[in-house]
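Visitor: Handing you a structure now.
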Amino acid sequence: MAAVDTARAHAQAVLRIRGLALAAAALPAAVAVVLLAGRFTGRIGAPGSPDAVGWDAARWTVCAVAALTLLVAAAAARRYRRAVPPQTPAVPLGRAQAPELYRLIDDLSDRLEVPAPSAVALTPDCDSWLEDVPAPRPRRRARGDGGEPPAPVLVIGSPFLWWMRAGELRALLAPVVAGTAPAADPDIAAARRFLRALDASLDDGAAPAPAGAPGGPRPPRRGPAALTDLITDRITRRLLGACREHAAELERSVAGWASEQARGVDYGLRIAAQEQVGLAYAGWDRLLTRVALPAWRLGRHPAHLNAGVAAALTELSRRDRLADGYGSRLGDRPACDLLEEPGTVDAAVSRLAAELFFGAPASGGFRALEWADYPAEVVDAGWRARAAALQSALDLLAPQSRPGAPTLTRLLGRLADGDGERLAAALAARPDRTAAPAPLLEPVRTGRDVLVEHVTAMVCCAAVDTAGAVPGLDWLDGPVLLLGGVRRTDLAEPVAQAVEQGQDGPLRAWLDAADVRLEKPVRL
């Protein structure tokens, strides 16, 4: 219990800092009360005494300082009270939706002898943690008021449910669930609430309202309000600076205690589960960047991302040594079986992932997409959209901007003539009409990268139209070209030579070997 005592000591240190701040705000008012009482009783600066003038000046000065201090303290307290700590976007999971998962967590809480989480939520991320329930604003809680803080919510990364076995998930969640015991401590809970209020008030004061919010952007505050905000921000930063070391040690002690408490529950299985965490993270990242992102750009969101990550990790298990022993795990029960309707939950989490990692598409809203429709509605549609953009860029470079037929003969002629830089510039200047940017996932691409991508799409369209190729989906690499039922991975190098060096010979040889007709117009 030493770790708990250490955490409680640091929490009490944070609360002492809060108490000192309150005392500093009340001190000028207390001095003013004493001076006023001394004036009325005649004990301090009585009328007619030699020092009455000096005491009157001191009295009015202290009263003015006290009034200003109380005003600033009231403004800061109002701001802290109204600040809303950020909540992690997650899909709430009711007990009726996952009774077996709740029973697993309740059993785990009983074995650890800690309070059970108040609820469970899923997030499209490869992590799990406890998130405190925001207290209702009308209620006021303080240290020693006797009120118990609500149990935190257990947030589980959705890829874990679809990739891990039920036993592995229980072992992985043991140290997380163990953290509910320190969260129930009144001192630790009060310290955390105070720190979250400071953080939230500082973020709320610095960040303007989003442009799409009702009423438009928040206008900048001016005059006394701006001065009050400046003073409050400085006070908040000073408080956070004074609490920083104690807050870090508090969380470190809580994590250490939870880990030690969970050591006796499935410890050996937890070591194996931790290995699967790294594998799940790799597969989830590849699935989002290589598979989901092309669909999001077109306004479609795959409705079963978590089922896709299981397929991606199965494919990765065939390629990567990290997945050795995966076959022996197939006989164990998958954790997603703990849900009543895994498909419905997967669809909700997949929609949240699209909104969280990409944002709103340019078309105005996402449409659900089944994996069976991905090759036709994402791969082929994406290729043809890029081919159309490349054809528009070729038309801009034509004499008098005269449009020409969308053929590979025309494209290769331009590249051989050294027009790659001009085509790249024309594509870079062209606005992307398919979707909004995805800053969390979108890699930084040069003009040549964009041109390579568009030339590859044009070649793939020609192969589909004239050589019997079909678009396909690789769970780890995303859109692929299948020629004769075999994935072609040898197209990147000849395309790069044609774009970067103007050498179209290797690409022409590849097209001839694949029986692609250069002179036939591509269907856009």
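Ligands are numbered from 1 in the order shown, residues from 1 within each chain, and chains are lettered A, B, ... in the order they appear in the structure tokens.
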What's around region 282-288 of chain A at 7 Å? Count only C-alpha atoms, leave out sequence neighbours fewer than 2 positions away in its own chain, and write the answer as an MDAnalysis selection string.
Guide: chainID A and resid 278:280 290:293 309 312:313 475:476
Visitor: Can you spit out the residues from that selection as a PDB file, in the first residue's frame, using N, CA and C atoms?
Guide:
```pdb
ATOM      1  N   GLY A 278       1.220  -4.694 -29.531  1.00  0.00           N
ATOM      2  CA  GLY A 278       2.051  -4.127 -30.587  1.00  0.00           C
ATOM      3  C   GLY A 278       1.630  -4.578 -31.962  1.00  0.00           C
ATOM      4  N   LEU A 279       1.241  -5.833 -32.070  1.00  0.00           N
ATOM      5  CA  LEU A 279       0.786  -6.343 -33.359  1.00  0.00           C
ATOM      6  C   LEU A 279      -0.525  -5.688 -33.767  1.00  0.00           C
ATOM      7  N   ALA A 280      -1.443  -5.521 -32.803  1.00  0.00           N
ATOM      8  CA  ALA A 280      -2.719  -4.874 -33.104  1.00  0.00           C
ATOM      9  C   ALA A 280      -2.516  -3.422 -33.534  1.00  0.00           C
ATOM     10  N   ARG A 290      -3.859   2.748 -45.164  1.00  0.00           N
ATOM     11  CA  ARG A 290      -3.813   2.137 -46.491  1.00  0.00           C
ATOM     12  C   ARG A 290      -5.187   1.746 -47.025  1.00  0.00           C
ATOM     13  N   VAL A 291      -6.105   1.398 -46.134  1.00  0.00           N
ATOM     14  CA  VAL A 291      -7.399   0.869 -46.577  1.00  0.00           C
ATOM     15  C   VAL A 291      -8.530   1.856 -46.331  1.00  0.00           C
ATOM     16  N   ALA A 292      -8.650   2.365 -45.105  1.00  0.00           N
ATOM     17  CA  ALA A 292      -9.784   3.229 -44.780  1.00  0.00           C
ATOM     18  C   ALA A 292      -9.657   4.612 -45.405  1.00  0.00           C
ATOM     19  N   LEU A 293      -8.454   5.183 -45.419  1.00  0.00           N
ATOM     20  CA  LEU A 293      -8.277   6.548 -45.917  1.00  0.00           C
ATOM     21  C   LEU A 293      -8.722   6.717 -47.364  1.00  0.00           C
ATOM     22  N   VAL A 309      -9.576  -5.254 -39.275  1.00  0.00           N
ATOM     23  CA  VAL A 309      -8.268  -5.329 -38.619  1.00  0.00           C
ATOM     24  C   VAL A 309      -7.942  -6.769 -38.242  1.00  0.00           C
ATOM     25  N   ALA A 312      -6.661  -8.086 -41.413  1.00  0.00           N
ATOM     26  CA  ALA A 312      -5.336  -7.533 -41.688  1.00  0.00           C
ATOM     27  C   ALA A 312      -4.270  -8.190 -40.828  1.00  0.00           C
ATOM     28  N   LEU A 313      -4.592  -8.424 -39.570  1.00  0.00           N
ATOM     29  CA  LEU A 313      -3.609  -9.052 -38.686  1.00  0.00           C
ATOM     30  C   LEU A 313      -3.420 -10.524 -39.026  1.00  0.00           C
ATOM     31  N   TRP A 475      -5.444  -6.321 -47.429  1.00  0.00           N
ATOM     32  CA  TRP A 475      -5.760  -5.826 -46.092  1.00  0.00           C
ATOM     33  C   TRP A 475      -4.650  -4.966 -45.501  1.00  0.00           C
ATOM     34  N   LEU A 476      -3.431  -5.131 -45.972  1.00  0.00           N
ATOM     35  CA  LEU A 476      -2.317  -4.364 -45.421  1.00  0.00           C
ATOM     36  C   LEU A 476      -1.874  -3.226 -46.331  1.00  0.00           C
TER      37      LEU A 476
END
```
Visitor: Between CA of Leu491 (chain A) and CA of Ala388 (chain A), what is the distance in Å, rounded to a tenth?
Guide: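 Distance between the two atoms: 20.0 Å.
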Visitor: Do you know which residues are at most 10 Å from Pro92 (chain A) counting only C-alpha atoms, after dropping those on the same chain fewer than 2 positions away, and could you put them as a list in words?
Guide: Pro89, Ala90, Gly94, Arg95, Gln97, Ala119, Val120, Ala121, Leu122, Thr123, Val153, Leu154, Val155, Val345, Ala348 and Val349 of chain A
Visitor: Could you go through region 345-460 of chain A and tell me which residues DSSP, when run on the backbone, assigns to alpha helix (DSSP H), listing them as JSON, numbers by chain?
Guide: {"A": [345, 346, 347, 348, 349, 350, 351, 352, 353, 354, 355, 356, 357, 374, 381, 382, 383, 384, 385, 386, 387, 388, 389, 390, 391, 392, 393, 394, 395, 396, 397, 408, 409, 410, 411, 412, 413, 414, 415, 416, 420, 421, 422, 423, 424, 425, 426, 427, 428, 429, 447, 448, 449, 450, 451, 452, 453, 454, 455, 456, 457, 458, 459, 460]}
